[in-house]
Every structure is written in C-alpha cells, then in structure tokens.
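Below is one structure, written out as structure tokens; comments come after it.
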Amino acid sequence: MPQQPTAQVTAAEISRIAGVTRATVSNWRRRHDDFPEPSGGTESSPLYDLEAVRAWLAARGHASAASPAEELRTMLRLHGRTGSGAAGDSAELLLLVLAAARRSPAELAATAGLSDADLASEAERDRAAVAEAVPGSGDGAVRFTAKDAPVLRALYACVRESGGQATLGVLAEWELEDSAASGAYRTPGPLADLIAQLLPGTPSSVLDPTCGSGSLLAAASRHGARALYGQDVLPVQARRSAVSLVLTAPDATVTVRAGDSLRADAFPDLLADAVLSNPPYGIRDWGHDELAYDPRWAYGVPARAESELAWVQHALAHLVPGGYAVLLLPPATAGRASGRRVRAELVRSGALRAVIALPVGASVPLHVGLQVWVLQRPEPGGAARKSVLFVDTAAETPTTATGRGAVTALSRTRGTGRSTSVDWAAVTARALEAWEAFTADPDAFEGEPGVAHAVGVVDLLDDVVDLTPARLVRASRAEVDPAKLSTEVDATRQDLVKAAKALARTAGREGWSAAGADAREWRTATASDLSRGGALTLLRPVPDSARTRAHAVSGESGPQGARAVLTGSDIATGSGPTGEPTELYDDTSPVIAVGDVLVRAVASADGAMARVAGEGDAGALPGPHVHLFRPDPARLDAWFLAGFLGAEENIAGASTGSTTLTVNPGRLRVPLLPLEEQRRYGEAFRHVHGLRAEAQRATRLAEETARLLVIGLTGGQLLPTPGDG
C-alpha cells in the first residue's frame with residue numbers, strides 16, 4: 001500500500017505554527033543547513049513537508065504557538081482524507097463537534113490525557129450519543145481509530161478553547177478548500193438579527209432556502225421561531241448549518257437538507273410562517289429554461305439575468321397567506337430593466353411591502369450597498385395595499401447624530417468611498433422605527449425627510465418601476481423647514497471650529513525625539529507568555545457548550561442582558577459601547593473594567609486597533625470580535641500595553657486568514673521594559689490616542705457640515721450670500 005503523502009505548508013504557515021515572523025523563517029532557511037528542503041511549490045513560493053517542519057521545530061524546542069483553531073487546521077491537512085478513517089469525513093467530525101460542545105470544559109480537558117486508542121473509543125461513544133440529532137450528517141459506517149487521534153485531540157481542544165461554532169467553521173473551511181465552490185459567505189450577525197426583527201410578531205416556522213451556515217435561521221430562533229427549515233446547494237454548508245442550529249437552538253426542531261432549492265426543492269409542500277434568505281447574486285445558470293413553466297412564477301417568469309427575482313417568488317410560494325419573507329438582495333434588482341414586469345406585479349399585487357437600503361460594507365460584496373426586501377404573501381380577500389415603504393439607512397453616519405431636530409436625519413452620511421465601519425445600532429434603529437410605524441398605520445405614515453418615505457403604488461407603476469430607496473426618499477427632502485436647517489448648520493459649524501482648535505492644540509505638542517542612528521531594539525514576550533507569568537490576564541468568552549447548557553436550563557438571557565456591548569467598530573471609531581447583548585452572554589461573561597486593554601479581533605487599517613477602557617466603557621461586555629487584556633498595574637502600564645499590542649506590524653504578525661485577517665491574541669508581542677520606562681511610552685501612546693480622537697471628531701463634524709450645506713443649497717432651503725461669489 002503506497003504511503004499517504006503528508007500536507008505541505010508555506011513559509012507563512014510555518015511562521016504561524018512556530019509563533020515567529022516570516023523574516024525569522026527566512027533566516028532559518030538561510031542559516032540552518034538541516035532546515036527541510038522544499039517538497040513542492042515553486043522557487044518563489046516553495047512548499048514544505050509539514051511533518052518534516054514540525055520535527056525540525058520540535059528538535060529545537062519550538063513549541064507550537066498556534067491557536068486551537070489553527071492547530072486543528074494543521075492536523076486536518078496533515079491527516080488528509082485518502083485512506084483515513086472517520087476523521088477524514090467532515091460529516092462524522094461535525095457530529096463529534098455537536099457531542100463535544102455538550103460536554104463540560106473539564107471533561108473536554110480530560111481527553112487530552114487519553115491514549116490514542118482510548119481517545120478513538122471516546123470519540124465513537126460521543127458520536128453515537130448524537131447520531132440521531134442531525135439526520136443525514138453521518139451514518140457511522142466508518143469508525144474512528146487510533147490513527148485519527150491527532151485530529152480528535154485537536155478538535156476537542158478547539159471546542160474547549162474556541163467553542164463549537166468556531167470549530168464548525170474550521171471544518172467547513174477544510175471541506176470547502178477541496179471543492180470548486182465559491183461565494184460561501186456568512187451573513188454578519190447584526191444584519192441577520194435585523195432581518196429577523198423585520199418579521200412582525202413571532203413566527204413559529206421559518207424557512208431559509210439558501211441557509212449557508214445557518215446565520216439567518218439562528219437569528220430567527222433567537223426571536224422565538226421553533227421550527228427551522230433550511231436547504232443549501234453545498235452539502236458541507238447544509239451539514240454545518242444543521243449542527244450549528246442544534247447547538248444554538250436546542251429547543252427548536254431543525255430540518256436541513258442539501259440540494260438546489262430552485263431546481264430540487266426539498267420542501268415542495270411546506271408553507272412556513274416566514275422565509276428569510278440571503279440568496280446568491282448574479283447567477284445565470286439558475287434553471288431558467290427548465291423552470292419556465294414552474295407554478296412558483298405567480299408574478300411573472302424571471303428573466304435569465306434575474307435569478308434574484310426567482311428567489312423572491314420561491315420565498316413567496318413557501319409562505320402561508322399573510323406570511324412574511326425578508327431577503328437580502330443586490331441594488332440592481334430594484335432597477336434592472338429585465339425585471340421591470342415582475343417588479344410591477346409585485347407592487348401591483350401588494351406583495352412588496354418595503355425596500356431598505358443598507359450602507360456600503362454591510363455584507364459581502366462589501367463595495368456594494370445591498371438592500372433588504374420585505375414581502376408579504378397576499379391573503380385572499382385581504383385589504384388592498386396602497387403604498388410601499390422605502391428606507392435609506394445608507395444615509396446614516398456611525399457617530400455624527402447631534403440630536404438638534406428632525407433635519408439631523410439629512411446629515412447622516414452616505415458611502416464616502418473609504419472603508420468605514422457600519423454602526424449597526426443606528427442602522428437597525430432607523431430601519432425598525434420606520435417599518436414598525438409603517439405597519440402600524442400605512443395610510444398615516446409621515447416618514448422622515450431624506451430617510452424614510454411611503455410611496456403610493458400608482459406612483460411606482462411607471463415605465464421603469466425603479467424601486468431604489470435613495471431615489472424615492474430624496475423627494476421628501478423638500479419638506480425640511482429652511483429655518484431649522486439653517487440653525488443646525490450654524491450649530492454644527494461652531495462645533496467644527498471648536499474641534500479644529502482642539503486638534504491644532506493636540507497636534508502641536510511634541511513628546512518624542514529621534515532614537516539615534518539606529519532604531520532601538522528590545523527583547524519581547526508574547527501575550528501568552530505574559531499571561532502565564534501573571535503579568536496580564538486574557539479574558540476569553542464563555543465556550544458555546546457552556547452557554548448552550550445554561551440557556552437550555554434557564555431559557556433566559558441572564559442578568560447581563562441589560563449591559564451594553566463594546567464592539568470592534570467602537571474601538572475603530574473611538575465611540576462608547578454601541579452593541580446590544582444577546583442571550584449568549586451570561587453571569588460568567590467577562591465585564592470590562594477601567595484600565596483593561598481592548599484589541600479588535602479582526603485586523604484592519606481603518607481606525608485604531610486597540611485602546612484602554614475608560615469610565616465610559618466600564619461595565620460593558622466585550623463584543624464577539626474584541627479581545628480583552630487585563631494587565632497587572634504593578635507590572636504593566638495599560639497604555640504602554642495598548643500601544644504595542646495595536647501596532648500595525650504586531651497585528652500583522654499575529655493574524656491568520658486570507659480575506660479576513662483574524663488576530664490571535666496570544667501571539668501578540670510586547671517589549672520587556674521596566675515599569676517606569678513603560679509609563680513614558682504609555683504617556684506617548686495616550687497622546688496619540690487623543691490626537692486620533694480629535695481628528696476623528698473634527699472629520700465627522702466637517703463631513704456633517706459639508707453635507708448639510710449641500711443638502712440645503714441643492715434642496716432650496718439655503719441661499720448663498722453675496723460674499724460666497
């Protein structure tokens with residue numbers, strides 16, 4: 001029997017395994033004759049045998065610095081699929097994740113000490129215990145053996161340290177690597193919650209025909225749904241979704257199937273209370289020819305280029321009369337000429353209730369401002385619907401609201417062409433406020449100038465049937481009172497002048513000098529090393545297993561529910577905590593204290609990566625994408641720590657991933673300096689933080705002032721003075 005080839009790794013992957021920089025790996029290659037020779041790849045991008053690299057590192061005392069998730073990735077690649085046991089089948093491993101997530105951290109830790117044979121037997125018992133929980137996820141025909149032990153040990157450790165959901169993500173990523181599938185993107189949590197909250201009342205049964213990893217169905221379960229149906233064209237995504245939903249919604253009935261929902265509907269007779277979907281965009285091979293006479297096309301046969309309108313009608317066909325569907329769609333769906341007839345029928349019949357424009361960056365593709373369509377299946381003999389709601393949340397800025405009156409809404413910015421963080425609290429509030437007011441009494445809905453406007457059905461049924469919110473709410477700007485707008489412009493301009501003076505004072509201070517002919521060098525330690533030595537504590541979120549057990553027993557969100565959540569975007573923009581807690585927080589969740597160091601978990605050049613918690617942050621909960629470091633003030637200065645942890649080079653060296661760079665907190669490095677010297681650096685970093693904050697404030701006020709002036713001048717509320725010429 002031929003020997004199974006081992007996995008190959010790049011130099012970048014070696015640096016992550018060893019916890020060193022890429023430059024260090026390059027030095028090893030040049031200076032050590034016994035460093036493993038390339039076993040593949042190209043001269044410019046060589047690949048190395050993973051087993052040989054690990055043996056070389058072990059011989060020199062380099063223990064792995066990889067995170068549990070990174071270690072699991074490595075073990076999966078090393079183990080491979082060909083000729084392997086059950087650990088080569090992602091379906092069996094997914095079941096094992098579900099079983100492991102139901103065990104206590106102590107029980108999971110005990111698996112690390114088992115022999116390979118005992119560990120395989122333990123995994124078999126765990127898998128058998130949940131075999132019926134996820135139909136179709138594995139038949140148990142292949143058993144775990146001692147050869148699978150490295151993967152099993154890494155999987156149990158990943159569940160213990162990172163939680164079941166993170167482990168599911170690693171397994172799904174592993175299977176997707178070997179497939180031709182693309183476009184498997186997770187719907188962001190805040191967006192999934194917004195989509196679920198747009199459903200009036202509490203629907204009992206919810207269908208997602210393109211469920212992916214199950215984000216939308218999980219959001220529906222958080223809002224009360226108890227029968228969850230999903231389908232996805234990728235089997236790995238269907239299996240991942242099934243296990244994920246069983247973890248997050250243990251009291252719900254979960255039914256997930258694999259297959260193309262348009263061509264091979266797994267639920268042809270299902271009429272659900274609600275449908276949620278983030279369907280694939282721009283797909284021409286969606287079955288146009290073979291489905292030309294499909295009964296689902298009650299509003300017109302979708303054109304070949306209108307797969308999105310096929311999904312809209314598929315959703316409506318699966319609703320009970322009066323049931324709601326909420327879909328995330330690209331903006332072209334609202335105005336593309338080929339979809340005019342279907343759009344017209346959706347409007348004429350009353351099936352389309354609202355179109356909500358989201359800011360750029362809300363979800364993939366990040367460069368496009370997506371839209372949320374809210375639809376309702378007409379009820380036989382029901383009342384005629386005379387208008388459709390349009391909301392432009394893309395007009396929201398993250399933190400510029402001044403509270404100076406109704407015309408403030410007009411100053412909320414649209415996309416500026418640069419990367420910005422989405423203020424989900426503001427976007428969600430704006431969308432829900434308008435939607436709830438509209439559904440309460442559509443005929444009496446007054447809207448908000450420039451943001452929300454109800455347009456009559458007759459006015460929409462022109463030659464184009466363009467349903468773009470920005471165009472349809474723009475007309476309502478003429479309703480703004482000129483005097484109120486003028487007053488707000490003056491107040492905002494005065495704030496801008498004050499902010500500019502404060503920025504000039506901060507920028508004028510000099511608190512540094514040249515180091516000399518050469519840059520200073522120092523010894524460093526990783527955050528993991530400092531944590532082991534007691535100099536700081538890295539507070540981690542509660543594992544999914546513990547959260548699930550706690551809420552399955554209590555059925556409540558716990559006393560943490562009243563606390564605000566500090567998000568990664570709050571760190572980037574310098575704002576206070578703006579996030580809202582979910583039921584995943586409980587009494588064991590860490591709470592931010594003054595002096596804690598907060599680091600964003602996703603690397604980005606947009607805004608600060610780290611900051612020290614102040615009085616305004618104290619008592620809040622760290623968001624899911626925030627790492628919380630608690631330094632011992634007798635050994636580490638907080639601002640010194642924040643400055644070096646958030647440094648660009650440090651973040652780059654501790655990050656993994658391709659499209660999204662995830663920061664491994666334990667690999668961040670800190671110079672080893674006396675406390676007094678740390679404080680000098682800390683004071684300099686505190687000044688840098690103040691400079692950034694003043695610059696952000698001045699920039700926001702400048703943008704707000706400029707937009708107010710443009711809106712007033714172009715809308716007729718403001719007149720240029722003779723001196724402006």
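In the structure tokens, chains take letters A, B, ... by order of appearance, with residues numbered from 1 within each chain and ligands from 1 in the order shown.
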At a cut-off of 12 Å, can you tabulate as CSV every residue of segment 427-526 of chain A near segment 670-688 of chain A together with its closest atom pair and the distance in Å to one decimal, using only C-alpha atoms and ordering rows by chain then number?
```
residue,atom,partner,partner_atom,distance
A:Leu503,CA,A:Val688,CA,11.6
A:Arg505,CA,A:His687,CA,11.5
A:Thr506,CA,A:His687,CA,7.9
A:Ala507,CA,A:Val688,CA,9.2
A:Gly508,CA,A:His687,CA,11.2
A:Arg509,CA,A:His687,CA,8.8
A:Glu510,CA,A:Ala684,CA,9.4
A:Gly511,CA,A:Ala684,CA,6.4
A:Trp512,CA,A:Ala684,CA,7.6
A:Ser513,CA,A:Ala684,CA,11.2
A:Arg520,CA,A:Pro671,CA,11.1
A:Glu521,CA,A:Pro671,CA,9.1
A:Trp522,CA,A:Pro671,CA,6.1
A:Arg523,CA,A:Pro671,CA,5.7
A:Thr524,CA,A:Pro671,CA,4.2
A:Ala525,CA,A:Val670,CA,5.5
A:Thr526,CA,A:Val670,CA,6.2
```
Could the residues in this selection be saved with N, CA, C and O atoms as a PDB file, in the first residue's frame?
```pdb
ATOM      1  N   LEU A 503      -7.908  70.140  17.882  1.00  0.00           N
ATOM      2  CA  LEU A 503      -6.997  69.302  17.109  1.00  0.00           C
ATOM      3  C   LEU A 503      -5.656  69.997  16.914  1.00  0.00           C
ATOM      4  O   LEU A 503      -4.597  69.377  17.036  1.00  0.00           O
ATOM      5  N   ARG A 505      -4.270  72.199  18.886  1.00  0.00           N
ATOM      6  CA  ARG A 505      -3.522  72.190  20.150  1.00  0.00           C
ATOM      7  C   ARG A 505      -2.886  70.827  20.394  1.00  0.00           C
ATOM      8  O   ARG A 505      -1.723  70.725  20.798  1.00  0.00           O
ATOM      9  N   THR A 506      -3.635  69.751  20.135  1.00  0.00           N
ATOM     10  CA  THR A 506      -3.111  68.404  20.370  1.00  0.00           C
ATOM     11  C   THR A 506      -1.973  68.081  19.413  1.00  0.00           C
ATOM     12  O   THR A 506      -0.954  67.497  19.803  1.00  0.00           O
ATOM     13  N   ALA A 507      -2.119  68.474  18.148  1.00  0.00           N
ATOM     14  CA  ALA A 507      -1.085  68.186  17.155  1.00  0.00           C
ATOM     15  C   ALA A 507       0.179  68.993  17.399  1.00  0.00           C
ATOM     16  O   ALA A 507       1.273  68.592  16.987  1.00  0.00           O
ATOM     17  N   GLY A 508       0.060  70.123  18.072  1.00  0.00           N
ATOM     18  CA  GLY A 508       1.219  70.976  18.304  1.00  0.00           C
ATOM     19  C   GLY A 508       2.155  70.477  19.387  1.00  0.00           C
ATOM     20  O   GLY A 508       3.284  70.955  19.505  1.00  0.00           O
ATOM     21  N   ARG A 509       1.707  69.526  20.182  1.00  0.00           N
ATOM     22  CA  ARG A 509       2.546  69.012  21.267  1.00  0.00           C
ATOM     23  C   ARG A 509       3.596  68.054  20.728  1.00  0.00           C
ATOM     24  O   ARG A 509       3.297  67.215  19.891  1.00  0.00           O
ATOM     25  N   GLU A 510       4.841  68.166  21.225  1.00  0.00           N
ATOM     26  CA  GLU A 510       5.916  67.257  20.831  1.00  0.00           C
ATOM     27  C   GLU A 510       6.323  66.428  22.040  1.00  0.00           C
ATOM     28  O   GLU A 510       6.746  66.972  23.054  1.00  0.00           O
ATOM     29  N   GLY A 511       6.203  65.110  21.944  1.00  0.00           N
ATOM     30  CA  GLY A 511       6.536  64.247  23.074  1.00  0.00           C
ATOM     31  C   GLY A 511       7.457  63.124  22.691  1.00  0.00           C
ATOM     32  O   GLY A 511       7.381  62.043  23.270  1.00  0.00           O
ATOM     33  N   TRP A 512       8.344  63.356  21.734  1.00  0.00           N
ATOM     34  CA  TRP A 512       9.234  62.292  21.262  1.00  0.00           C
ATOM     35  C   TRP A 512      10.509  62.903  20.698  1.00  0.00           C
ATOM     36  O   TRP A 512      10.598  64.114  20.463  1.00  0.00           O
ATOM     37  N   SER A 513      11.509  62.088  20.487  1.00  0.00           N
ATOM     38  CA  SER A 513      12.772  62.530  19.895  1.00  0.00           C
ATOM     39  C   SER A 513      13.357  61.370  19.123  1.00  0.00           C
ATOM     40  O   SER A 513      12.955  60.213  19.304  1.00  0.00           O
ATOM     41  N   ARG A 520      15.838  51.530  17.971  1.00  0.00           N
ATOM     42  CA  ARG A 520      16.043  50.807  19.219  1.00  0.00           C
ATOM     43  C   ARG A 520      15.573  49.358  19.074  1.00  0.00           C
ATOM     44  O   ARG A 520      14.577  49.081  18.404  1.00  0.00           O
ATOM     45  N   GLU A 521      16.263  48.442  19.709  1.00  0.00           N
ATOM     46  CA  GLU A 521      15.865  47.039  19.726  1.00  0.00           C
ATOM     47  C   GLU A 521      15.625  46.614  21.170  1.00  0.00           C
ATOM     48  O   GLU A 521      16.208  47.164  22.102  1.00  0.00           O
ATOM     49  N   TRP A 522      14.740  45.634  21.349  1.00  0.00           N
ATOM     50  CA  TRP A 522      14.432  45.149  22.693  1.00  0.00           C
ATOM     51  C   TRP A 522      13.976  43.701  22.641  1.00  0.00           C
ATOM     52  O   TRP A 522      13.542  43.196  21.624  1.00  0.00           O
ATOM     53  N   ARG A 523      14.084  43.056  23.794  1.00  0.00           N
ATOM     54  CA  ARG A 523      13.552  41.709  23.931  1.00  0.00           C
ATOM     55  C   ARG A 523      12.040  41.801  24.077  1.00  0.00           C
ATOM     56  O   ARG A 523      11.510  42.731  24.669  1.00  0.00           O
ATOM     57  N   THR A 524      11.353  40.804  23.535  1.00  0.00           N
ATOM     58  CA  THR A 524       9.894  40.813  23.610  1.00  0.00           C
ATOM     59  C   THR A 524       9.396  39.482  24.164  1.00  0.00           C
ATOM     60  O   THR A 524      10.122  38.485  24.189  1.00  0.00           O
ATOM     61  N   ALA A 525       8.154  39.497  24.606  1.00  0.00           N
ATOM     62  CA  ALA A 525       7.471  38.282  25.050  1.00  0.00           C
ATOM     63  C   ALA A 525       6.075  38.295  24.456  1.00  0.00           C
ATOM     64  O   ALA A 525       5.505  39.363  24.199  1.00  0.00           O
ATOM     65  N   THR A 526       5.526  37.122  24.210  1.00  0.00           N
ATOM     66  CA  THR A 526       4.158  37.062  23.695  1.00  0.00           C
ATOM     67  C   THR A 526       3.166  37.315  24.821  1.00  0.00           C
ATOM     68  O   THR A 526       3.482  37.162  26.006  1.00  0.00           O
TER      69      THR A 526
END
```
Inset, instruction - Output as a PyMOL selection string all residues of segment 120-275 of chain A that backbone DSSP marks as helix (DSSP H, G or I). - result: chain A and resi 120-129+146-162+164-177+189-197+215-222+235-248
Legend entry - Polymer residues at most 8 Å from Gly579 of chain A, only C-alpha atoms, same-chain spacing of 6 or more positions, as an MDAnalysis selection string: chainID A and resid 424:425 564:567 623
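Atom CA of Leu319 of chain A is positioned 15.4 Å from atom CA of Gly382 of chain A.
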Spatial neighbours of segment 699-703 of chain A, max dist 7 Å, only C-alpha atoms, sep filter under 3 positions, as a compact mmCIF listing (two decimals) with N, CA, C and O atoms, in the first residue's frame:
```
# COMPACT_ATOMS: atom_id res chain seq x y z
N THR A 400 -22.35 60.68 14.11
CA THR A 400 -22.46 62.13 13.96
C THR A 400 -23.79 62.69 14.39
O THR A 400 -24.01 63.88 14.27
N THR A 492 -23.64 73.20 13.95
CA THR A 492 -22.63 72.21 13.56
C THR A 492 -21.33 72.88 13.16
O THR A 492 -20.24 72.41 13.50
N LEU A 496 -17.58 72.48 14.74
CA LEU A 496 -16.43 72.18 13.90
C LEU A 496 -15.27 73.12 14.21
O LEU A 496 -14.11 72.69 14.30
N ALA A 695 -8.94 64.12 15.77
CA ALA A 695 -9.01 64.13 14.31
C ALA A 695 -10.31 63.50 13.82
O ALA A 695 -10.94 64.00 12.88
N GLN A 696 -10.72 62.41 14.46
CA GLN A 696 -11.98 61.77 14.06
C GLN A 696 -13.17 62.70 14.32
O GLN A 696 -14.08 62.80 13.49
N ALA A 706 -20.49 69.93 5.76
CA ALA A 706 -20.49 69.99 4.29
C ALA A 706 -21.76 69.38 3.72
O ALA A 706 -22.37 69.93 2.80
N ARG A 707 -22.20 68.27 4.26
CA ARG A 707 -23.40 67.62 3.74
C ARG A 707 -24.66 68.45 4.01
O ARG A 707 -25.55 68.53 3.19
```
Legend entry - Point-to-point distance in Å for atom CA of Thr393 of chain A and atom CA of Glu433 of chain A: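 Taking atom CA of Glu433 of chain A and atom CA of Thr393 of chain A, their separation equals 11.2 Å.
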Inset, instruction - For segment 601-616 of chain A, please output as a list of chain:residue names all residues within 7 Å (counting only C-alpha atoms; exclusion window: fewer than 6 positions along the same chain). - result: A:Ser419, A:Ile571, A:Ala572, A:Thr573, A:Gly576, A:Ala593, A:Val594, A:Gly595, A:His625, A:Val626, A:His627, A:Ala638, A:Trp639, A:Ala642, A:Gly646, A:Ile651, A:Leu661, A:Thr662, A:Val663
File of the preceding selection, N, CA and C atoms, as a PDB file, in the first residue's frame:
```pdb
ATOM      1  N   SER A 419     -13.127  52.960   3.459  1.00  0.00           N
ATOM      2  CA  SER A 419     -13.625  51.879   4.298  1.00  0.00           C
ATOM      3  C   SER A 419     -14.137  52.427   5.615  1.00  0.00           C
ATOM      4  N   ILE A 571     -14.101  50.456  18.900  1.00  0.00           N
ATOM      5  CA  ILE A 571     -12.670  50.726  19.082  1.00  0.00           C
ATOM      6  C   ILE A 571     -12.130  51.517  17.903  1.00  0.00           C
ATOM      7  N   ALA A 572     -12.551  51.142  16.682  1.00  0.00           N
ATOM      8  CA  ALA A 572     -12.051  51.812  15.478  1.00  0.00           C
ATOM      9  C   ALA A 572     -12.483  53.269  15.421  1.00  0.00           C
ATOM     10  N   THR A 573     -13.730  53.558  15.793  1.00  0.00           N
ATOM     11  CA  THR A 573     -14.267  54.913  15.668  1.00  0.00           C
ATOM     12  C   THR A 573     -14.081  55.745  16.923  1.00  0.00           C
ATOM     13  N   GLY A 576     -18.282  55.091  22.409  1.00  0.00           N
ATOM     14  CA  GLY A 576     -18.577  54.250  23.542  1.00  0.00           C
ATOM     15  C   GLY A 576     -19.243  52.976  23.093  1.00  0.00           C
ATOM     16  N   ALA A 593     -13.531  46.507  32.735  1.00  0.00           N
ATOM     17  CA  ALA A 593     -13.208  47.374  33.866  1.00  0.00           C
ATOM     18  C   ALA A 593     -12.258  48.475  33.401  1.00  0.00           C
ATOM     19  N   VAL A 594     -12.232  49.584  34.128  1.00  0.00           N
ATOM     20  CA  VAL A 594     -11.316  50.679  33.808  1.00  0.00           C
ATOM     21  C   VAL A 594      -9.883  50.144  33.839  1.00  0.00           C
ATOM     22  N   GLY A 595      -9.102  50.464  32.805  1.00  0.00           N
ATOM     23  CA  GLY A 595      -7.723  50.003  32.724  1.00  0.00           C
ATOM     24  C   GLY A 595      -7.526  48.751  31.902  1.00  0.00           C
ATOM     25  N   HIS A 625     -15.997  40.210  18.675  1.00  0.00           N
ATOM     26  CA  HIS A 625     -14.774  40.440  17.904  1.00  0.00           C
ATOM     27  C   HIS A 625     -13.837  41.390  18.645  1.00  0.00           C
ATOM     28  N   VAL A 626     -13.803  41.244  19.977  1.00  0.00           N
ATOM     29  CA  VAL A 626     -12.935  42.073  20.816  1.00  0.00           C
ATOM     30  C   VAL A 626     -12.185  41.171  21.789  1.00  0.00           C
ATOM     31  N   HIS A 627     -10.850  41.328  21.850  1.00  0.00           N
ATOM     32  CA  HIS A 627     -10.033  40.626  22.838  1.00  0.00           C
ATOM     33  C   HIS A 627      -9.841  41.540  24.042  1.00  0.00           C
ATOM     34  N   ALA A 638      -0.981  50.173  31.280  1.00  0.00           N
ATOM     35  CA  ALA A 638      -2.065  49.848  30.352  1.00  0.00           C
ATOM     36  C   ALA A 638      -1.876  50.514  28.996  1.00  0.00           C
ATOM     37  N   TRP A 639      -1.525  51.802  28.961  1.00  0.00           N
ATOM     38  CA  TRP A 639      -1.377  52.494  27.678  1.00  0.00           C
ATOM     39  C   TRP A 639      -0.145  52.004  26.913  1.00  0.00           C
ATOM     40  N   ALA A 642      -1.405  48.794  25.374  1.00  0.00           N
ATOM     41  CA  ALA A 642      -2.310  49.040  24.246  1.00  0.00           C
ATOM     42  C   ALA A 642      -1.548  49.522  23.020  1.00  0.00           C
ATOM     43  N   GLY A 646      -1.524  47.067  19.658  1.00  0.00           N
ATOM     44  CA  GLY A 646      -2.242  47.538  18.475  1.00  0.00           C
ATOM     45  C   GLY A 646      -1.359  48.000  17.334  1.00  0.00           C
ATOM     46  N   ILE A 651       0.172  43.403  14.839  1.00  0.00           N
ATOM     47  CA  ILE A 651      -1.102  42.828  14.408  1.00  0.00           C
ATOM     48  C   ILE A 651      -0.892  41.923  13.191  1.00  0.00           C
ATOM     49  N   LEU A 661      -8.515  38.816   8.150  1.00  0.00           N
ATOM     50  CA  LEU A 661      -7.366  38.513   8.990  1.00  0.00           C
ATOM     51  C   LEU A 661      -7.804  38.501  10.446  1.00  0.00           C
ATOM     52  N   THR A 662      -7.728  37.345  11.069  1.00  0.00           N
ATOM     53  CA  THR A 662      -8.148  37.177  12.454  1.00  0.00           C
ATOM     54  C   THR A 662      -6.935  37.233  13.365  1.00  0.00           C
ATOM     55  N   VAL A 663      -7.003  38.064  14.384  1.00  0.00           N
ATOM     56  CA  VAL A 663      -5.880  38.268  15.290  1.00  0.00           C
ATOM     57  C   VAL A 663      -5.870  37.185  16.361  1.00  0.00           C
TER      58      VAL A 663
END
```
Inset, instruction - Between atom CA of Pro279 of chain A and atom CA of Gly189 of chain A, measure the distance and give it in Å to one decimal. - result: 16.3 Å
Contacts of Leu713 of chain A at 12 Å or less, counting only C-alpha atoms, minus same-chain residues fewer than 4 places along, as a PDB file with C-alpha atoms, in the first residue's frame?
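For reference, result-v8.pdb as written:
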```
ATOM      1  CA  ARG A 477     -36.185  66.435   1.438  1.00  0.00           C
ATOM      2  CA  ALA A 478     -38.173  69.402   0.188  1.00  0.00           C
ATOM      3  CA  PRO A 482     -35.402  76.078   5.992  1.00  0.00           C
ATOM      4  CA  LEU A 485     -31.803  73.517   8.664  1.00  0.00           C
ATOM      5  CA  SER A 486     -30.091  76.912   8.857  1.00  0.00           C
ATOM      6  CA  VAL A 489     -25.831  74.290  10.005  1.00  0.00           C
ATOM      7  CA  ALA A 706     -20.495  69.985   4.292  1.00  0.00           C
ATOM      8  CA  ARG A 707     -23.403  67.625   3.739  1.00  0.00           C
ATOM      9  CA  LEU A 708     -25.870  69.882   5.491  1.00  0.00           C
ATOM     10  CA  LEU A 709     -24.759  72.778   3.314  1.00  0.00           C
ATOM     11  CA  GLN A 717     -33.662  75.581   1.940  1.00  0.00           C
ATOM     12  CA  LEU A 718     -30.428  77.663   1.971  1.00  0.00           C
ATOM     13  CA  LEU A 719     -29.329  80.562  -0.241  1.00  0.00           C
ATOM     14  CA  PRO A 720     -25.719  81.586  -0.926  1.00  0.00           C
ATOM     15  CA  THR A 721     -24.806  85.002   0.445  1.00  0.00           C
TER      16      THR A 721
END
```
Legend entry - 6 Å contact set for segment 353-361 of chain A, only C-alpha atoms, chain neighbours under 2 positions out, as a PyMOL selection string: chain A and resi 363+366-375+388-394
Legend entry - Residue nearest Leu598 of chain A - candidates A:Arg635, A:Arg263, A:Arg630, A:His318, atoms counted: only C-alpha atoms: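 Among A:Arg635, A:Arg263, A:Arg630, A:His318, it is A:Arg630 that comes nearest to Leu598 of chain A.
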